[in-house]
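The structure under discussion appears below in the form of structure tokens.
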Amino acid sequence: MAEEMRIVLRNYGKVDPLNIDSYTQVGGYQALAKAKSMSQPDLIEEVKKSGLRGRGGAGFNTGMKWGFSYGVKADQKYVICNADEGEPGTYKDRIIMENDPQSVLEGMAICGYAIGANKGYIYCRGEYPYVVEILNKAIAQASEKGLLGDFNIEVRMGAGAYVCGEESALIESIEGHRGEPRFKPPFPPVIGLWGKPTIVNNVETFANIPAIVDKGADWYKGIGAAGYPGTKVMTLTGDIVNRTVIEVPTNTTIRQVLNDFGGGIAGGKKFKAVQIGGTSGGFIPESLLDTPIDFDSMSAIGATLGSGAFFVMDETRDIVDVIDRISKFFAHESCGKCTPCREGTQRMHEMLHRVKNGGAVAGDLDFMERLGTVMSKACLCGLGQAAPAPVLTTLKHFRNDYTAKFN
Amino acid sequence: MADYREIISAYKEVPGGIIEAYHAVQKEYSYIPEDAVVYAAQVFDMPKAKAYGVATFYSYLQVGPRGKNVIRICESAPCHIAGADKVVAALEKELGIKMGETTPDGKFTLEFAECVGQCQATPVITINSQPYGDVTADKVAAILAEYK
């Protein structure tokens with residue numbers, strides 16, 4: 001039986017999110033003090049050595065990212081916490097911020113010291129006004145006690161655009177523009193918010209930082225999968241007995257998540273598929289359930305770890321119906337800046353809708369595969385590149401569900 | 001009701017503050033009046049087209065009137081398989097309007113939403129951002145009663 005391991009959620013249920021004293025009583029802000037006793041390059045090297053990779057979905061080495069910003073001379077730098085959690089099936093960042101906001105603030109302040117930034121933003125999704133309140137109270141308490149030093153944090157509210165989870169679109173939104181992704185390079189660590197070096201990290205990434213600084217890179221590196229060490233917070237939804245949030249080492253397998261923590265399929269039914277990483281994640285069949293959840297193992301089977309959403313479907317679910325719904329999501333959320341995504345998501349939805357309603361014509365499935373492949377290569381940002389993954393993986397693993405729709 | 005001019009002006013010095021200003025207006029009015037967009041363009045010194053472009057880019061912001069209480073029903077995949085369509089039907093029946101419409105008394109508007117991050121309790125609706133989980137057709141009337 002696999003067991004949970006709580007690093008990110010180490011204070012879950014142990015601290016009062018609205019009382020900073022409860023956080024300092026469990027050792028809060030000691031990691032920031034320790035970080036400040038180190039030189040900036042040593043601190044960045046420690047984070048790099050820990051192997052921590054971004055928990056928002058892209059999986060880039062966090063310390064390496066910080067190093068890019070540290071290396072640029074600028075009169076102003078920024079730290080942004082990406083709390084625009086919008087992947088359907090995901091609510092981990094909300095759980096972290098609602099229960100332990102100070103860990104996130106401390107992680108941001110450590111990053112601020114490391115790269116030389118005195119200003120931070122938390123970009124929290126508009127659907128979470130109650131989280132914004134908690135964050136603002138937490139920031140006020142930390143500032144009042146002088147715990148953040150000269151590091152200043154402001155909360156900005158997103159407004160319901162999924163694409164703003166993409167870091168350059170998020171930056172555009174903080175600047176008060178439409179949230180359309182930028183052409184890259186240059187990347188935000190070099191030229192970001194208002195043209196200044198900017199580190200954008202996910203809530204879960206920042207919540208890991210105090211623990212890593214406190215216990216050291218070697219400790220963290222030894223946990224979970226070698227290439228993607230540490231833990232991952234997963235949110236279990238769909239046809240699963242326990243719809244809940246868990247944190248497990250990254251070498252835990254999909255099957256363990258499903259059975260040991262999820263309690264298996266609800267209603268005594270059989271497993272059909274699980275989609276991991278949010279609505280842009282690949283669909284995984286029974287035969288691949290023994291794959292570990294870490295980033296690289298998931299990539300190897302054509303899936304993703306992404307946000308850690310774990311969306312289970314039982315044997316009664318119509319895969320084509322679910323994919324049709326997902327394709328509508330992307331047609332709605334495409335920002336329209338680049339043609340492959342703007343047109344591709346619409347055409348994909350049209351074709352899927354036709355297949356679902358029994359009106360498919362010969363060649364539709366091949367067209368969908370071709371369109372999906374083009375989008376995954378030609379779209380400007382991660383939204384369009386990942387949008388076809390559910391279609392492509394179900395055409396691969398659940399093709400019979402599609403052909404059953406042909407009259 | 002506070003004047004939208006005052007609300008927007010308060011954000012004049014905030015870098016990139018137009019979205020925050022829109023949020024604040026919407027909190028007061030439940031939507032963004034068209035004239036407020038024109039006014040925001042002045043305050044933030046940008047063309048009206050750009051101020052309008054920003055306001056209409058974001059699905060959480062609504063330009064033009066809608067009901068006092070905004071009911072959003074999540075139709076993302078986890079809520080979809082959990083029976084969001086039945087909740088939609090129950091809400092439409094209870095309020096006597098279709099999705100996207102507002103009740104004649106101006107009290108309620110029904111909107112679709114994508115994931116609102118409460119997937120431990122699908123299907124989910126929100127009323128003025130307050131989430132309600134594990135909603136069934138049977139529970140709809142009782143939930144709405146709180147707002148009538």
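To be explicit about the labels: the chains of the structure tokens are called A, B, and onward in the order shown, and within each one the residues are counted from 1, while ligands get numbers from 1 in the order they are shown.
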Residues of chain A within 6 Å of chain B, counting only C-alpha atoms - could you list those as a list in words?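 On the chain A side, the interface is Pro88, Gly89, Thr90, Tyr91, Glu127, Ala159, Gly160, Ala161, Ile174, Glu175, Gly176, His177, Arg178, Gly238, Arg243 and Thr244 of chain A.
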Considering only strand (DSSP E) as DSSP defines it on the backbone, what residues of region 78-276 of chain A qualify? List them as number ranges by chain. A: 78-83, 119-124, 152-157, 198-202, 224-225, 228-229, 231-238, 245-249, 271-276
Which residues, written as a list in words, have at least one atom at most 8 Å from Met351 (chain A), with only C-alpha atoms counted and residues fewer than 2 positions away on the same chain left out? Arg347, Met348, His349, His353, Arg354, Val355, Ala360, Asp364 and Met368 of chain A
Just list as a PyMOL selection string whatever in region 41-286 of chain A DSSP marks as alpha helix (DSSP H). chain A and resi 41-50+62-70+92-99+101-115+129-144+167-174+203-215+217-221+254-256
Keeping C-alpha atoms for every residue in the selection just given, could you write it to a file as a short mmCIF file (atom, residue, chain, number, x, y, z; two decimals), in the first residue's frame?
data_model
loop_
_atom_site.label_atom_id
_atom_site.label_comp_id
_atom_site.auth_asym_id
_atom_site.auth_seq_id
_atom_site.Cartn_x
_atom_site.Cartn_y
_atom_site.Cartn_z
CA PRO A 41 24.54 31.92 -6.34
CA ASP A 42 24.80 29.33 -3.54
CA LEU A 43 21.07 29.52 -2.89
CA ILE A 44 20.24 29.15 -6.58
CA GLU A 45 22.69 26.26 -6.86
CA GLU A 46 21.00 24.54 -3.91
CA VAL A 47 17.56 24.84 -5.52
CA LYS A 48 19.00 23.66 -8.83
CA LYS A 49 20.68 20.69 -7.16
CA SER A 50 17.45 19.65 -5.45
CA THR A 62 13.35 25.81 -11.02
CA GLY A 63 16.87 26.71 -9.87
CA MET A 64 18.04 26.94 -13.47
CA LYS A 65 15.16 29.31 -14.26
CA TRP A 66 16.09 31.49 -11.29
CA GLY A 67 19.68 31.51 -12.51
CA PHE A 68 18.61 33.13 -15.80
CA SER A 69 17.08 36.09 -13.96
CA TYR A 70 19.92 36.37 -11.48
CA LYS A 92 -4.52 21.84 -5.66
CA ASP A 93 -3.34 25.45 -5.64
CA ARG A 94 -6.57 26.49 -3.97
CA ILE A 95 -6.02 23.85 -1.27
CA ILE A 96 -2.44 25.05 -0.72
CA MET A 97 -3.37 28.75 -0.54
CA GLU A 98 -6.47 28.22 1.59
CA ASN A 99 -4.60 26.14 4.14
CA PRO A 101 -0.69 30.81 2.38
CA GLN A 102 2.46 31.76 4.29
CA SER A 103 4.47 28.91 2.72
CA VAL A 104 3.75 30.40 -0.69
CA LEU A 105 4.73 33.90 0.43
CA GLU A 106 7.92 32.59 2.02
CA GLY A 107 8.81 30.69 -1.16
CA MET A 108 8.29 33.85 -3.20
CA ALA A 109 10.43 35.92 -0.82
CA ILE A 110 13.23 33.35 -1.07
CA CYS A 111 13.04 33.60 -4.86
CA GLY A 112 13.04 37.40 -4.58
CA TYR A 113 16.25 37.31 -2.57
CA ALA A 114 17.84 34.78 -4.94
CA ILE A 115 17.31 36.80 -8.11
CA PRO A 129 -12.23 35.68 -4.64
CA TYR A 130 -12.31 33.94 -1.25
CA VAL A 131 -8.68 32.86 -1.75
CA VAL A 132 -7.70 36.42 -2.68
CA GLU A 133 -9.04 37.53 0.71
CA ILE A 134 -6.96 34.94 2.54
CA LEU A 135 -3.85 35.92 0.58
CA ASN A 136 -4.32 39.62 1.29
CA LYS A 137 -4.70 38.95 5.01
CA ALA A 138 -1.64 36.69 5.00
CA ILE A 139 0.43 39.32 3.18
CA ALA A 140 -0.71 42.04 5.60
CA GLN A 141 0.29 39.91 8.61
CA ALA A 142 3.68 39.00 7.17
CA SER A 143 4.41 42.65 6.29
CA GLU A 144 3.27 43.88 9.69
CA GLU A 167 3.39 32.66 -18.22
CA SER A 168 3.74 35.32 -20.91
CA ALA A 169 -0.06 35.62 -21.25
CA LEU A 170 -0.24 35.99 -17.47
CA ILE A 171 2.32 38.78 -17.65
CA GLU A 172 0.28 40.53 -20.35
CA SER A 173 -2.75 40.32 -18.09
CA ILE A 174 -0.96 41.85 -15.09
CA VAL A 203 1.92 27.97 -6.31
CA GLU A 204 3.02 24.39 -5.64
CA THR A 205 6.57 25.14 -6.78
CA PHE A 206 6.86 28.05 -4.34
CA ALA A 207 5.34 26.00 -1.51
CA ASN A 208 8.15 23.46 -1.98
CA ILE A 209 10.90 26.05 -1.65
CA PRO A 210 10.97 26.66 2.14
CA ALA A 211 11.15 22.91 2.77
CA ILE A 212 14.01 22.50 0.30
CA VAL A 213 15.99 25.40 1.77
CA ASP A 214 15.31 24.12 5.27
CA LYS A 215 16.21 20.46 4.75
CA ALA A 217 18.87 19.71 -1.77
CA ASP A 218 20.17 16.20 -1.01
CA TRP A 219 17.15 15.38 1.13
CA TYR A 220 14.73 16.52 -1.59
CA LYS A 221 16.64 14.84 -4.40
CA ILE A 254 -1.01 5.63 -11.63
CA ARG A 255 -2.55 2.38 -10.39
CA GLN A 256 -1.53 3.16 -6.82
#
Interface rows for region 7-111 of chain B against region 133-145 of chain B: nearest pair, Å to one decimal, 7 Å, only C-alpha atoms, as JSON lines:
{"residue": "B:Lys86", "atom": "CA", "partner": "B:Ala137", "partner_atom": "CA", "distance": 6.3}
{"residue": "B:Val87", "atom": "CA", "partner": "B:Ala137", "partner_atom": "CA", "distance": 5.2}
{"residue": "B:Ala90", "atom": "CA", "partner": "B:Ala137", "partner_atom": "CA", "distance": 5.2}
{"residue": "B:Leu91", "atom": "CA", "partner": "B:Val140", "partner_atom": "CA", "distance": 6.5}
{"residue": "B:Glu94", "atom": "CA", "partner": "B:Ala141", "partner_atom": "CA", "distance": 6.8}
Pairwise distance for CA of Ala49 (chain B) and CA of Glu34 (chain B), rounded to one decimal in Å: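 Those two atoms sit 11.9 Å apart.
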Go through A:Gly363, A:Gly27, A:Pro249, A:Gly302 and flag the residue nearest Lys396 (chain A), using only C-alpha atoms for the distances.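 Between A:Gly363, A:Gly27, A:Pro249, A:Gly302, the residue approaching Lys396 (chain A) most closely is A:Gly302.
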By how many Å are CA of Thr316 (chain A) and CA of Asp401 (chain A) apart? 11.4 Å
Please list as a PDB file with N, CA and C atoms, in the first residue's frame every residue within 7 Å of Val79 (chain A), counting only C-alpha atoms and excluding residues in the same chain fewer than 5 positions away.
ATOM      1  N   MET A 108       8.106  32.711  -2.289  1.00  0.00           N
ATOM      2  CA  MET A 108       8.288  33.848  -3.203  1.00  0.00           C
ATOM      3  C   MET A 108       9.392  34.781  -2.708  1.00  0.00           C
ATOM      4  N   GLY A 112      12.731  35.973  -4.434  1.00  0.00           N
ATOM      5  CA  GLY A 112      13.044  37.398  -4.577  1.00  0.00           C
ATOM      6  C   GLY A 112      14.470  37.698  -4.157  1.00  0.00           C
ATOM      7  N   ALA A 117      14.990  40.559  -6.556  1.00  0.00           N
ATOM      8  CA  ALA A 117      13.727  41.248  -6.837  1.00  0.00           C
ATOM      9  C   ALA A 117      13.088  41.656  -5.518  1.00  0.00           C
ATOM     10  N   LYS A 119       9.856  42.944  -5.585  1.00  0.00           N
ATOM     11  CA  LYS A 119       8.427  43.073  -5.844  1.00  0.00           C
ATOM     12  C   LYS A 119       7.871  41.753  -6.363  1.00  0.00           C
ATOM     13  N   GLY A 120       6.788  41.300  -5.757  1.00  0.00           N
ATOM     14  CA  GLY A 120       6.154  40.061  -6.194  1.00  0.00           C
ATOM     15  C   GLY A 120       4.676  40.253  -6.456  1.00  0.00           C
ATOM     16  N   TYR A 121       4.167  39.486  -7.384  1.00  0.00           N
ATOM     17  CA  TYR A 121       2.730  39.467  -7.648  1.00  0.00           C
ATOM     18  C   TYR A 121       2.216  38.043  -7.516  1.00  0.00           C
ATOM     19  N   THR A 198      11.788  38.434 -14.953  1.00  0.00           N
ATOM     20  CA  THR A 198      10.652  38.008 -14.147  1.00  0.00           C
ATOM     21  C   THR A 198      10.617  36.492 -14.014  1.00  0.00           C
ATOM     22  N   ILE A 199      10.526  36.035 -12.786  1.00  0.00           N
ATOM     23  CA  ILE A 199      10.352  34.603 -12.559  1.00  0.00           C
ATOM     24  C   ILE A 199       8.877  34.329 -12.298  1.00  0.00           C
ATOM     25  N   VAL A 200       8.305  33.466 -13.125  1.00  0.00           N
ATOM     26  CA  VAL A 200       6.936  33.007 -12.893  1.00  0.00           C
ATOM     27  C   VAL A 200       7.016  31.549 -12.468  1.00  0.00           C
TER      28      VAL A 200
END
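Taking CA of Gly56 (chain A) as the reference point, CA of Gly306 (chain A) is found at 6.5 Å.
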